[in-house]
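A.B. asks: Below is my_file_28.csv; it holds CSV, C-alpha atoms and all ligand atoms.
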```
chain,number,residue,atom,x,y,z
A,1,MET,CA,-139.8,133.0,-17.3
A,2,PRO,CA,-142.7,130.6,-17.8
A,3,ALA,CA,-143.8,128.7,-14.6
A,4,GLN,CA,-142.5,125.3,-13.6
A,5,ILE,CA,-145.2,122.8,-14.5
A,6,LEU,CA,-146.0,120.5,-11.5
A,7,ASP,CA,-146.6,117.2,-13.3
A,8,GLY,CA,-149.3,115.4,-11.3
A,9,THR,CA,-149.3,112.4,-13.6
A,10,LYS,CA,-145.7,111.7,-12.8
A,11,LEU,CA,-146.1,112.3,-9.1
A,12,ALA,CA,-149.1,110.0,-9.0
A,13,SER,CA,-147.2,107.2,-10.6
A,14,GLU,CA,-144.4,107.6,-8.1
A,15,ILE,CA,-147.0,107.4,-5.2
A,16,ARG,CA,-148.6,104.3,-6.8
A,17,ALA,CA,-145.2,102.6,-7.0
A,18,GLU,CA,-144.6,103.4,-3.3
A,19,VAL,CA,-148.0,102.1,-2.4
A,20,ALA,CA,-147.4,98.9,-4.4
A,21,ALA,CA,-144.2,98.4,-2.5
A,22,GLU,CA,-146.0,98.9,0.8
A,23,VAL,CA,-148.6,96.4,-0.3
A,24,GLN,CA,-145.9,93.8,-1.0
A,25,THR,CA,-144.3,94.4,2.4
A,26,LEU,CA,-147.7,93.9,4.1
A,27,ALA,CA,-148.2,90.7,2.0
A,28,ALA,CA,-145.2,89.2,3.8
A,29,SER,CA,-147.1,89.5,7.1
A,30,GLY,CA,-150.2,88.0,5.5
A,31,ILE,CA,-152.1,91.3,5.1
A,32,ARG,CA,-153.7,92.4,1.9
A,33,PRO,CA,-155.5,95.8,2.2
A,34,GLY,CA,-159.0,95.7,0.8
A,35,LEU,CA,-161.1,98.5,-0.7
A,36,ALA,CA,-164.9,98.3,-1.2
A,37,VAL,CA,-166.4,100.8,-3.6
A,38,ILE,CA,-170.1,101.4,-3.6
A,39,LEU,CA,-171.5,102.9,-6.8
A,40,VAL,CA,-175.3,103.5,-6.7
A,41,GLY,CA,-177.3,103.6,-10.0
A,42,ASN,CA,-176.0,104.6,-13.4
A,43,ASN,CA,-174.3,108.0,-13.2
A,44,SER,CA,-171.9,107.8,-16.2
A,45,ALA,CA,-169.4,110.3,-14.7
A,46,SER,CA,-169.4,108.3,-11.4
A,47,GLU,CA,-168.9,105.0,-13.4
A,48,VAL,CA,-165.8,106.5,-15.0
A,49,TYR,CA,-164.4,107.5,-11.6
A,50,VAL,CA,-165.1,104.2,-10.0
A,51,ARG,CA,-163.6,102.3,-12.9
A,52,GLY,CA,-160.4,104.3,-12.5
A,53,LYS,CA,-160.4,103.5,-8.7
A,54,VAL,CA,-160.9,99.8,-9.2
A,55,LYS,CA,-158.3,99.6,-12.0
A,56,SER,CA,-155.7,101.5,-9.9
A,57,SER,CA,-156.5,99.2,-6.8
A,58,LYS,CA,-155.7,96.2,-8.9
A,59,GLU,CA,-152.5,97.7,-10.3
A,60,VAL,CA,-151.1,98.4,-6.8
A,61,GLY,CA,-152.1,94.9,-5.6
A,62,LEU,CA,-155.0,95.9,-3.3
A,63,TYR,CA,-157.9,93.6,-2.9
A,64,SER,CA,-160.9,95.5,-4.3
A,65,GLU,CA,-164.6,94.9,-4.8
A,66,GLN,CA,-167.4,96.9,-6.3
A,67,HIS,CA,-171.0,97.0,-5.1
A,68,THR,CA,-173.5,98.4,-7.6
A,69,PRO,CA,-176.9,98.7,-5.9
A,70,ALA,CA,-179.8,100.0,-8.1
A,71,GLU,CA,-180.7,103.7,-8.3
A,72,SER,CA,-183.9,102.9,-6.4
A,73,ILE,CA,-182.0,101.8,-3.2
A,74,SER,CA,-183.4,103.1,0.1
A,75,THR,CA,-181.3,104.7,2.8
A,76,GLY,CA,-182.0,101.7,5.0
A,77,GLU,CA,-180.8,99.2,2.4
A,78,LEU,CA,-177.6,101.2,1.8
A,79,LEU,CA,-177.0,101.4,5.6
A,80,ALA,CA,-177.3,97.6,5.8
A,81,LEU,CA,-174.7,97.2,3.0
A,82,ILE,CA,-172.3,99.6,4.8
A,83,ASP,CA,-172.9,97.8,8.1
A,84,ALA,CA,-172.0,94.5,6.4
A,85,LEU,CA,-168.7,96.0,5.0
A,86,ASN,CA,-167.9,97.6,8.4
A,87,GLN,CA,-168.1,94.1,9.9
A,88,ARG,CA,-165.8,92.4,7.4
A,89,ASP,CA,-162.2,92.3,8.5
A,90,GLU,CA,-160.7,92.0,5.1
A,91,ILE,CA,-162.2,95.3,4.0
A,92,ASP,CA,-160.0,98.2,5.2
A,93,GLY,CA,-161.5,101.0,3.1
A,94,ILE,CA,-165.1,101.8,2.2
A,95,LEU,CA,-165.8,104.4,-0.4
A,96,VAL,CA,-169.3,105.6,-1.3
A,97,GLN,CA,-169.2,107.3,-4.6
A,98,LEU,CA,-171.1,110.6,-4.6
A,99,PRO,CA,-173.6,111.9,-5.6
A,100,LEU,CA,-176.2,109.5,-4.2
A,101,PRO,CA,-179.8,109.5,-5.5
A,102,ALA,CA,-182.2,112.1,-4.1
A,103,GLN,CA,-184.2,109.6,-1.9
A,104,VAL,CA,-181.0,108.6,0.0
A,105,ASP,CA,-180.0,110.5,3.1
A,106,SER,CA,-176.3,111.1,2.1
A,107,LYS,CA,-175.3,112.5,5.5
A,108,LYS,CA,-176.6,109.5,7.3
A,109,VAL,CA,-174.9,107.2,4.9
A,110,LEU,CA,-171.5,108.9,5.2
A,111,LEU,CA,-171.8,108.9,9.0
A,112,ALA,CA,-172.4,105.1,8.9
A,113,VAL,CA,-169.0,104.3,7.5
A,114,ASP,CA,-166.7,103.1,10.2
A,115,PRO,CA,-164.2,106.1,10.7
A,116,ALA,CA,-161.4,103.6,10.6
A,117,LYS,CA,-162.4,102.5,7.1
A,118,ASP,CA,-163.4,106.0,5.9
A,119,VAL,CA,-160.8,106.3,3.1
A,120,ASP,CA,-162.5,109.5,1.7
A,121,GLY,CA,-161.8,111.2,5.1
A,122,PHE,CA,-165.3,112.7,5.1
A,123,HIS,CA,-166.5,111.3,8.5
A,124,PRO,CA,-166.7,114.0,11.2
A,125,MET,CA,-164.4,111.9,13.3
A,126,ASN,CA,-161.7,112.1,10.7
A,127,VAL,CA,-162.4,115.8,10.2
A,128,GLY,CA,-161.8,116.2,13.9
A,129,TYR,CA,-158.6,114.2,13.8
A,130,LEU,CA,-157.3,116.4,11.0
A,131,SER,CA,-158.1,119.6,12.8
A,132,THR,CA,-156.5,118.4,16.1
A,133,GLN,CA,-153.5,116.8,14.2
A,134,ARG,CA,-154.2,113.3,15.3
A,135,PRO,CA,-153.5,110.3,13.0
A,136,GLY,CA,-156.5,109.7,10.8
A,137,LEU,CA,-157.7,109.5,7.2
A,138,ILE,CA,-157.3,112.7,5.2
A,139,PRO,CA,-159.5,113.5,2.2
A,140,CYS,CA,-157.8,112.3,-1.0
A,141,THR,CA,-157.7,115.5,-3.1
A,142,PRO,CA,-156.4,117.8,-0.3
A,143,ALA,CA,-153.8,115.1,0.6
A,144,GLY,CA,-152.8,115.1,-3.1
A,145,VAL,CA,-152.3,118.9,-3.0
A,146,MET,CA,-150.0,118.5,-0.1
A,147,GLU,CA,-148.0,115.7,-1.8
A,148,ILE,CA,-147.5,117.9,-4.9
A,149,LEU,CA,-146.0,120.7,-2.7
A,150,ARG,CA,-143.9,118.2,-0.7
A,151,ARG,CA,-142.6,116.3,-3.7
A,152,SER,CA,-141.8,119.5,-5.6
A,153,ASN,CA,-139.8,120.9,-2.6
A,154,ILE,CA,-142.1,123.9,-2.3
A,155,PRO,CA,-141.8,125.3,1.2
A,156,VAL,CA,-145.0,125.7,3.2
A,157,ALA,CA,-144.0,126.7,6.7
A,158,GLY,CA,-144.2,130.5,7.2
A,159,GLN,CA,-145.6,131.0,3.7
A,160,GLU,CA,-148.7,133.0,2.9
A,161,ALA,CA,-151.3,130.5,1.6
A,162,VAL,CA,-154.6,131.6,0.1
A,163,VAL,CA,-157.3,128.9,-0.5
A,164,VAL,CA,-160.2,130.0,-2.7
A,165,GLY,CA,-163.2,127.7,-1.9
A,166,ARG,CA,-164.4,126.4,1.5
A,167,SER,CA,-166.1,123.1,0.7
A,168,ASP,CA,-165.9,120.2,3.2
A,169,ILE,CA,-164.3,118.1,0.4
A,170,VAL,CA,-161.5,120.4,-0.8
A,171,GLY,CA,-161.2,123.9,0.5
A,172,LYS,CA,-161.5,123.4,4.2
A,173,PRO,CA,-159.3,120.3,4.5
A,174,VAL,CA,-156.6,121.9,2.2
A,175,ALA,CA,-156.7,125.0,4.5
A,176,MET,CA,-156.4,122.8,7.6
A,177,LEU,CA,-153.5,120.8,6.1
A,178,LEU,CA,-151.6,124.0,5.2
A,179,LEU,CA,-152.2,125.4,8.6
A,180,ASN,CA,-151.0,122.2,10.2
A,181,GLN,CA,-147.8,122.7,8.2
A,182,ASN,CA,-147.4,126.2,9.6
A,183,ALA,CA,-148.5,128.3,6.6
A,184,THR,CA,-150.3,131.5,7.3
A,185,VAL,CA,-153.7,130.6,5.7
A,186,THR,CA,-156.5,132.8,4.3
A,187,VAL,CA,-159.7,131.0,3.2
A,188,CYS,CA,-161.7,132.9,0.5
A,189,HIS,CA,-165.3,132.2,-0.7
A,190,SER,CA,-168.0,133.8,-2.7
A,191,LYS,CA,-168.5,136.6,-0.2
A,192,THR,CA,-164.8,137.6,0.0
A,193,ARG,CA,-164.2,141.3,-0.8
A,194,ASP,CA,-161.6,142.1,-3.4
A,195,LEU,CA,-160.7,138.5,-4.2
A,196,PRO,CA,-157.8,139.4,-6.6
A,197,ALA,CA,-156.1,141.6,-3.9
A,198,VAL,CA,-156.4,138.8,-1.3
A,199,CYS,CA,-155.1,136.2,-3.7
A,200,ARG,CA,-152.1,138.4,-4.7
A,201,ARG,CA,-150.8,138.1,-1.1
A,202,ALA,CA,-150.3,134.3,-1.7
A,203,ASP,CA,-147.0,132.6,-2.0
A,204,ILE,CA,-149.2,129.5,-2.4
A,205,LEU,CA,-152.5,129.9,-4.1
A,206,VAL,CA,-155.0,127.0,-4.2
A,207,ALA,CA,-158.1,127.4,-6.4
A,208,ALA,CA,-161.0,125.0,-5.6
A,209,ILE,CA,-163.9,127.0,-6.9
A,210,GLY,CA,-165.6,125.2,-9.8
A,211,ARG,CA,-165.5,128.2,-12.2
A,212,ALA,CA,-163.6,127.8,-15.5
A,213,GLY,CA,-160.5,130.1,-15.6
A,214,MET,CA,-161.7,132.5,-12.9
A,215,VAL,CA,-158.3,133.1,-11.5
A,216,THR,CA,-156.6,135.4,-14.0
A,217,ARG,CA,-153.1,136.8,-13.9
A,218,ASP,CA,-154.1,139.8,-11.8
A,219,PHE,CA,-154.9,137.4,-8.9
A,220,VAL,CA,-151.3,136.1,-8.8
A,221,LYS,CA,-148.1,137.5,-7.3
A,222,PRO,CA,-145.2,136.9,-9.7
A,223,GLY,CA,-143.4,133.7,-8.7
A,224,ALA,CA,-146.2,132.3,-6.6
A,225,THR,CA,-147.1,128.6,-6.6
A,226,VAL,CA,-150.5,128.0,-8.0
A,227,ILE,CA,-152.4,124.8,-7.4
A,228,ASP,CA,-155.5,124.4,-9.6
A,229,VAL,CA,-158.0,121.9,-8.2
A,230,GLY,CA,-160.8,122.9,-10.5
A,231,ILE,CA,-162.0,120.6,-13.3
A,232,ASN,CA,-164.4,122.3,-15.7
A,233,LYS,CA,-165.6,121.1,-19.1
A,234,VAL,CA,-165.5,123.6,-21.9
A,235,THR,CA,-167.7,122.9,-24.9
A,236,GLU,CA,-168.2,126.3,-26.5
A,237,ARG,CA,-165.7,127.5,-29.1
A,238,ALA,CA,-165.8,131.1,-27.7
A,239,ASP,CA,-164.8,129.8,-24.3
A,240,PHE,CA,-162.1,127.6,-25.8
A,241,ASP,CA,-160.7,130.7,-27.6
A,242,ARG,CA,-160.8,132.7,-24.3
A,243,PHE,CA,-158.6,130.1,-22.6
A,244,PHE,CA,-156.5,128.4,-25.3
A,245,SER,CA,-156.3,130.9,-28.2
A,246,GLY,CA,-153.2,129.9,-30.3
A,247,ASN,CA,-152.8,126.4,-28.8
A,248,ALA,CA,-153.0,124.3,-31.9
A,249,LYS,CA,-152.6,121.0,-30.2
A,250,ARG,CA,-155.3,121.6,-27.7
A,251,LEU,CA,-157.6,122.9,-30.6
A,252,GLU,CA,-157.1,119.6,-32.4
A,253,THR,CA,-158.3,117.6,-29.4
A,254,PHE,CA,-161.2,120.1,-28.7
A,255,LEU,CA,-162.4,119.8,-32.3
A,256,ALA,CA,-162.1,116.0,-32.3
A,257,LYS,CA,-163.9,115.5,-28.9
A,258,GLY,CA,-166.1,118.5,-28.8
A,259,SER,CA,-164.8,119.5,-25.4
A,260,THR,CA,-161.8,120.1,-23.3
A,261,LEU,CA,-161.0,120.5,-19.6
A,262,VAL,CA,-160.0,123.8,-18.0
A,263,GLY,CA,-159.2,124.4,-14.4
A,264,ASP,CA,-160.3,127.3,-12.2
A,265,VAL,CA,-157.1,129.1,-13.2
A,266,HIS,CA,-156.8,130.8,-16.5
A,267,PRO,CA,-153.9,129.3,-18.6
A,268,GLU,CA,-152.4,132.8,-18.9
A,269,VAL,CA,-151.4,132.5,-15.2
A,270,ALA,CA,-148.5,130.3,-16.3
A,271,GLU,CA,-146.8,133.4,-17.5
A,272,VAL,CA,-146.6,135.0,-14.0
A,273,ALA,CA,-146.6,132.0,-11.6
A,274,GLY,CA,-143.4,130.4,-10.4
A,275,ALA,CA,-145.0,126.9,-10.5
A,276,ILE,CA,-148.4,125.7,-11.5
A,277,THR,CA,-150.4,122.5,-11.8
A,278,PRO,CA,-151.8,121.8,-15.3
A,279,VAL,CA,-155.4,120.7,-16.0
A,280,PRO,CA,-155.7,117.9,-16.8
A,281,GLY,CA,-152.6,116.2,-15.4
A,282,GLY,CA,-152.2,118.2,-12.2
A,283,VAL,CA,-154.2,117.6,-9.0
A,284,GLY,CA,-156.6,115.1,-10.6
A,285,PRO,CA,-154.2,112.1,-10.9
A,286,LEU,CA,-153.2,112.6,-7.3
A,287,THR,CA,-156.7,112.0,-6.0
A,288,ILE,CA,-156.8,108.3,-7.0
A,289,ALA,CA,-153.2,107.7,-5.9
A,290,MET,CA,-154.0,109.1,-2.5
A,291,LEU,CA,-157.1,106.8,-2.3
A,292,MET,CA,-154.7,103.9,-2.7
A,293,ALA,CA,-152.4,105.3,-0.1
A,294,ASN,CA,-155.3,105.9,2.3
A,295,THR,CA,-156.4,102.3,1.9
A,296,VAL,CA,-153.0,101.1,2.9
A,297,LYS,CA,-152.9,103.6,5.7
A,298,ALA,CA,-156.3,102.4,7.0
A,299,ALA,CA,-155.1,98.8,6.9
A,300,LYS,CA,-152.1,99.8,9.0
A,301,LEU,CA,-154.0,102.1,11.4
A,302,ARG,CA,-156.6,99.3,12.0
A,303,ARG,CA,-153.8,96.9,12.9
A,304,GLY,CA,-151.7,99.3,14.9
A,305,THR,CA,-148.8,99.1,12.4
A,306,ARG,CA,-146.5,102.1,12.0
A,307,ILE,CA,-147.8,104.6,9.4
A,308,PRO,CA,-145.5,105.0,6.4
A,309,ALA,CA,-144.1,108.5,5.8
A,310,LEU,CA,-146.0,108.8,2.5
A,311,THR,CA,-149.4,108.9,4.2
A,312,ARG,CA,-148.6,110.4,7.5
A,401,LIG,P1,-168.0,123.4,-4.2
A,401,LIG,O1,-169.0,123.9,-5.2
A,401,LIG,O2,-168.5,122.6,-3.1
A,401,LIG,O3,-167.3,124.7,-3.5
A,401,LIG,C1,-166.9,125.8,-4.3
A,401,LIG,C2,-166.3,126.9,-3.4
A,401,LIG,O4,-165.9,127.9,-4.2
A,401,LIG,C3,-167.3,127.4,-2.4
A,401,LIG,O5,-166.7,127.6,-1.1
A,401,LIG,C4,-167.7,128.8,-3.0
A,401,LIG,O6,-168.0,129.8,-2.0
A,401,LIG,C5,-166.5,129.2,-3.7
A,401,LIG,N1,-166.8,130.1,-4.8
A,401,LIG,C6,-167.7,129.9,-5.8
A,401,LIG,N2,-167.8,131.0,-6.6
A,401,LIG,C7,-166.9,131.9,-6.1
A,401,LIG,C8,-166.5,133.2,-6.5
A,401,LIG,N3,-167.0,133.8,-7.6
A,401,LIG,N4,-165.5,133.8,-5.8
A,401,LIG,C9,-165.0,133.2,-4.7
A,401,LIG,N5,-165.3,131.9,-4.3
A,401,LIG,C10,-166.3,131.3,-5.0
A,401,LIG,O7,-166.8,122.8,-5.0
A,401,LIG,P2,-165.7,121.7,-4.6
A,401,LIG,O8,-164.9,122.2,-3.5
A,401,LIG,O9,-166.4,120.3,-4.5
A,401,LIG,O10,-164.9,121.6,-6.0
A,401,LIG,C11,-164.2,122.7,-6.4
A,401,LIG,C12,-163.6,122.4,-7.8
A,401,LIG,O11,-162.6,121.3,-7.6
A,401,LIG,C13,-164.6,121.9,-8.8
A,401,LIG,O12,-164.2,122.4,-10.1
A,401,LIG,C14,-164.4,120.4,-8.8
A,401,LIG,O13,-164.8,119.8,-10.0
A,401,LIG,C15,-163.0,120.3,-8.5
A,401,LIG,N6,-162.6,119.0,-7.8
A,401,LIG,C16,-161.5,118.4,-8.3
A,401,LIG,C17,-161.1,117.2,-7.8
A,401,LIG,C18,-159.9,116.6,-8.3
A,401,LIG,O14,-159.7,115.4,-8.1
A,401,LIG,N7,-159.0,117.3,-9.0
A,401,LIG,C19,-161.8,116.6,-6.6
A,401,LIG,C20,-162.9,117.4,-6.1
A,401,LIG,C21,-163.3,118.6,-6.7
A,401,LIG,P3,-169.3,129.7,-1.0
A,401,LIG,O15,-168.9,128.7,0.0
A,401,LIG,O16,-169.4,131.1,-0.5
A,401,LIG,O17,-170.4,129.3,-1.9
```
What would the structure in this file look like if it were written as structure tokens?
Ligand code: NDP

C.D. replies:
Amino acid sequence: MPAQILDGTKLASEIRAEVAAEVQTLAASGIRPGLAVILVGNNSASEVYVRGKVKSSKEVGLYSEQHTPAESISTGELLALIDALNQRDEIDGILVQLPLPAQVDSKKVLLAVDPAKDVDGFHPMNVGYLSTQRPGLIPCTPAGVMEILRRSNIPVAGQEAVVVGRSDIVGKPVAMLLLNQNATVTVCHSKTRDLPAVCRRADILVAAIGRAGMVTRDFVKPGATVIDVGINKVTERADFDRFFSGNAKRLETFLAKGSTLVGDVHPEVAEVAGAITPVPGGVGPLTIAMLMANTVKAAKLRRGTRIPALTR
């Protein structure tokens, strides 16, 4: 039986509707959560991401503003901008779009964001809150992964979870969130021995690797839930055929655009998995939705208001 497709686009729109309702409730108390996005220079991929974040903020009713300093900005100048945003009460969330130019000390910049406004959840203070299960801001993509599981009624407690990837942005926080929800968690990386065998133990397999289609059917226990975080661009016809042979609709788009997206999981895995997130339309849409939720959560945490179930 083919896997259940976990529709991230649909789940993200549910979350956005819930966030919009929260924003309306807060408006009755005179609060309008505000998000400031900093986009340095002219990285076209970053511009697309930031445009999506600003558009989504407007749709859910958040106040949002965008800062676009020049590529040549110094660490000191960026720190001054962050300090100014830290001081402003109407700004609840500050997001510094990565990557930053080489001359900027990224670690110093991310440390400068007030942890109470760190809607990306990258500040060591929030990392600590997550690992000690205190209320804090959780990175958006990992939070999105957990929302997919929760909203799809996939049990986590007591399950074997295997996370492939140990980045600070995805792998580690996903592993911590799964552990906090009582899964038995294994974290894999490039030095893991016999990766397919370790992955086959998983009831829940999360791939956050950055390698197109690396997780093939021999990595997956029949019936397992597979969450594919990877986003990889395929431009070669040979690669396309390796992943999507016989998929006429996909071929049409590939030929028209000259590229298509594939996750870290080979599409053939849908034939063995019990449930799987597609790429695109799986984890990706959840990331921006959780940023919206995090901004509302930051507004509430900063004012000592009860945290909604959605973002707890
Ligand atoms: P990183 O490059 O920071 O981390 C990749 C991880 O995968 C590392 O821990 C690395 O191991 C591990 N890895 C690499 N090759 C192998 C291998 N052959 N076998 C086992 N493990 C391996 O990537 P990110 O975590 O930032 O991103 C991962 C993927 O998720 C990317 O495709 C990215 O585009 C996507 N992404 C998607 C988002 C979304 O919104 N859907 C958001 C963020 C990321 P080691 O530590 O040993 O080097």

A.B. asks: Please extract the residues at most 6 Å from ligand LIG 401 (chain A), counting all atoms listed in the file, and provide them as a PyMOL selection string, using the chain letters and residue numbers of this document.

C.D. replies: chain A and resi 141+164-167+169-171+189-191+208-210+229-232+283-284+287

A.B. asks: Take the residues just selected and output them with C-alpha atoms as a PDB file, in the frame of the given file.

C.D. replies:
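Listed below is the output, out_1.pdb:
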```pdb
ATOM      1  CA  THR A 141    -157.700 115.500  -3.100  1.00  0.00           C
ATOM      2  CA  VAL A 164    -160.200 130.000  -2.700  1.00  0.00           C
ATOM      3  CA  GLY A 165    -163.200 127.700  -1.900  1.00  0.00           C
ATOM      4  CA  ARG A 166    -164.400 126.400   1.500  1.00  0.00           C
ATOM      5  CA  SER A 167    -166.100 123.100   0.700  1.00  0.00           C
ATOM      6  CA  ILE A 169    -164.300 118.100   0.400  1.00  0.00           C
ATOM      7  CA  VAL A 170    -161.500 120.400  -0.800  1.00  0.00           C
ATOM      8  CA  GLY A 171    -161.200 123.900   0.500  1.00  0.00           C
ATOM      9  CA  HIS A 189    -165.300 132.200  -0.700  1.00  0.00           C
ATOM     10  CA  SER A 190    -168.000 133.800  -2.700  1.00  0.00           C
ATOM     11  CA  LYS A 191    -168.500 136.600  -0.200  1.00  0.00           C
ATOM     12  CA  ALA A 208    -161.000 125.000  -5.600  1.00  0.00           C
ATOM     13  CA  ILE A 209    -163.900 127.000  -6.900  1.00  0.00           C
ATOM     14  CA  GLY A 210    -165.600 125.200  -9.800  1.00  0.00           C
ATOM     15  CA  VAL A 229    -158.000 121.900  -8.200  1.00  0.00           C
ATOM     16  CA  GLY A 230    -160.800 122.900 -10.500  1.00  0.00           C
ATOM     17  CA  ILE A 231    -162.000 120.600 -13.300  1.00  0.00           C
ATOM     18  CA  ASN A 232    -164.400 122.300 -15.700  1.00  0.00           C
ATOM     19  CA  VAL A 283    -154.200 117.600  -9.000  1.00  0.00           C
ATOM     20  CA  GLY A 284    -156.600 115.100 -10.600  1.00  0.00           C
ATOM     21  CA  THR A 287    -156.700 112.000  -6.000  1.00  0.00           C
TER      22      THR A 287
END
```

A.B. asks: Between A:Leu79, A:Leu178, A:Met125, A:Ala161, which is the closest to Arg200 (chain A) once you count all atoms listed in the file?

C.D. replies: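 The closest residue to Arg200 (chain A) is A:Ala161.
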
A.B. asks: Work out how far CA of Thr132 (chain A) is from CA of Ala183 (chain A), in Å to one decimal.

C.D. replies: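 Straight-line distance from CA of Ala183 (chain A) to CA of Thr132 (chain A) works out to 15.9 Å.
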
A.B. asks: Might you pull out every residue within 9 Å of region 142-149 of chain A, with all atoms listed in the file counted and same-chain residues fewer than 3 positions away left off, and present them as a VMD selection string?

C.D. replies: chain A and resid 6 to 8 11 to 12 138 to 139 152 to 156 169 to 175 177 to 178 206 225 227 229 277 282 to 290 310 to 311

A.B. asks: Nearest to Ala157 (chain A): which of A:Lys108, A:Thr184, A:Val96, A:Ala299 is it, counting all atoms listed in the file?

C.D. replies: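 Ranked by minimum distance to Ala157 (chain A), first place goes to A:Thr184.
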
A.B. asks: Between A:Val60, A:Leu35, A:Ala224, A:Ala273, which residue has the minimum interatomic distance to Asp120 (chain A), considering only C-alpha atoms?

C.D. replies: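 The shortest atom-to-atom distance to Asp120 (chain A) comes from A:Leu35.
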
A.B. asks: List as number ranges by chain: which residues have an atom within 10 Å of (-148.3, 135.6, -19.5), counting only C-alpha atoms?

C.D. replies: A: 1-3, 216-217, 267-273

A.B. asks: Can you pull out every residue within 9 Å of Pro101 (chain A), counting all atoms listed in the file, but drop anything in the same chain fewer than 6 positions away, and send it as a ChimeraX atom specification?

C.D. replies: /A:40-41,71-73

A.B. asks: Can you tell me how far CA of Pro278 (chain A) sits from CA of Thr9 (chain A), in Å to one decimal?

C.D. replies: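 Computing it gives 9.9 Å between the two atoms.
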
A.B. asks: Do you know which residues are at most 12 Å from Thr68 (chain A) counting all atoms listed in the file, after dropping those on the same chain fewer than 3 positions away, and could you put them as a list of chain:residue names?

C.D. replies: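 Residues near the query, excluding close chain neighbours: A:Ala36, A:Val37, A:Ile38, A:Leu39, A:Val40, A:Gly41, A:Asn42, A:Asn43, A:Ser46, A:Glu47, A:Val50, A:Arg51, A:Glu65, A:Glu71, A:Ser72, A:Ile73, A:Leu78, A:Leu81, A:Val96, A:Gln97, A:Leu100.
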
A.B. asks: Just checking: using all atoms listed in the file, which residue out of A:Ala27, A:Ile276, A:Gly263, A:Gly258 ends up closest to Leu205 (chain A)?

C.D. replies: A:Ile276

A.B. asks: Interatomic distance between CA of Pro135 (chain A) and CA of Val226 (chain A)?

C.D. replies: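 Separating CA of Pro135 (chain A) from CA of Val226 (chain A) is a distance of 27.6 Å.
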
A.B. asks: I need the residue nearest Arg16 (chain A) from this list: A:Leu62, A:Leu130, A:Val113, A:Ala212. Use only C-alpha atoms for the distance.

C.D. replies: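 Between A:Leu62, A:Leu130, A:Val113, A:Ala212, the residue approaching Arg16 (chain A) most closely is A:Leu62.
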
A.B. asks: Counting all atoms listed in the file, what is within 10 Å of region 237-241 of chain A, bar same-chain residues fewer than 2 positions away, as number ranges by chain?

C.D. replies: A: 212-213, 233-235, 243-247, 250-251, 254-255, 258-262

A.B. asks: Would you put the residues from that selection into a file with C-alpha atoms, as an mmCIF file, in the frame of the given file?

C.D. replies:
```cif
data_model
loop_
_atom_site.group_PDB
_atom_site.id
_atom_site.type_symbol
_atom_site.label_atom_id
_atom_site.label_comp_id
_atom_site.auth_asym_id
_atom_site.auth_seq_id
_atom_site.Cartn_x
_atom_site.Cartn_y
_atom_site.Cartn_z
ATOM 1 C CA ALA A 212 -163.600 127.800 -15.500
ATOM 2 C CA GLY A 213 -160.500 130.100 -15.600
ATOM 3 C CA LYS A 233 -165.600 121.100 -19.100
ATOM 4 C CA VAL A 234 -165.500 123.600 -21.900
ATOM 5 C CA THR A 235 -167.700 122.900 -24.900
ATOM 6 C CA PHE A 243 -158.600 130.100 -22.600
ATOM 7 C CA PHE A 244 -156.500 128.400 -25.300
ATOM 8 C CA SER A 245 -156.300 130.900 -28.200
ATOM 9 C CA GLY A 246 -153.200 129.900 -30.300
ATOM 10 C CA ASN A 247 -152.800 126.400 -28.800
ATOM 11 C CA ARG A 250 -155.300 121.600 -27.700
ATOM 12 C CA LEU A 251 -157.600 122.900 -30.600
ATOM 13 C CA PHE A 254 -161.200 120.100 -28.700
ATOM 14 C CA LEU A 255 -162.400 119.800 -32.300
ATOM 15 C CA GLY A 258 -166.100 118.500 -28.800
ATOM 16 C CA SER A 259 -164.800 119.500 -25.400
ATOM 17 C CA THR A 260 -161.800 120.100 -23.300
ATOM 18 C CA LEU A 261 -161.000 120.500 -19.600
ATOM 19 C CA VAL A 262 -160.000 123.800 -18.000
#
```

A.B. asks: Within 12 Å of region 32-34 of chain A, counting only C-alpha atoms, which residues qualify if same-chain residues fewer than 2 places away don't, as a PyMOL selection string?

C.D. replies: chain A and resi 19-20+22-30+36-37+54+57-58+60-66+85-86+88-95+117+119+291-303

A.B. asks: Take region 30-34 of chain A from the block and save it with N, CA, C and O atoms, as a short mmCIF file (atom, residue, chain, number, x, y, z; two decimals), in the first residue's frame.

C.D. replies:
```
data_model
loop_
_atom_site.label_atom_id
_atom_site.label_comp_id
_atom_site.auth_asym_id
_atom_site.auth_seq_id
_atom_site.Cartn_x
_atom_site.Cartn_y
_atom_site.Cartn_z
N GLY A 30 -4.95 45.23 22.74
CA GLY A 30 -4.07 46.30 22.27
C GLY A 30 -2.66 45.83 21.93
O GLY A 30 -1.74 46.63 21.83
N ILE A 31 -2.50 44.51 21.72
CA ILE A 31 -1.16 43.99 21.39
C ILE A 31 -1.13 43.57 19.93
O ILE A 31 -2.01 42.82 19.47
N ARG A 32 -0.13 44.05 19.20
CA ARG A 32 0.07 43.55 17.83
C ARG A 32 1.49 43.03 17.72
O ARG A 32 2.44 43.82 17.69
N PRO A 33 1.66 41.69 17.70
CA PRO A 33 3.03 41.15 17.64
C PRO A 33 3.76 41.68 16.40
O PRO A 33 3.18 41.81 15.33
N GLY A 34 5.04 42.01 16.60
CA GLY A 34 5.82 42.61 15.51
C GLY A 34 7.07 41.81 15.20
O GLY A 34 7.75 41.33 16.10
#
```
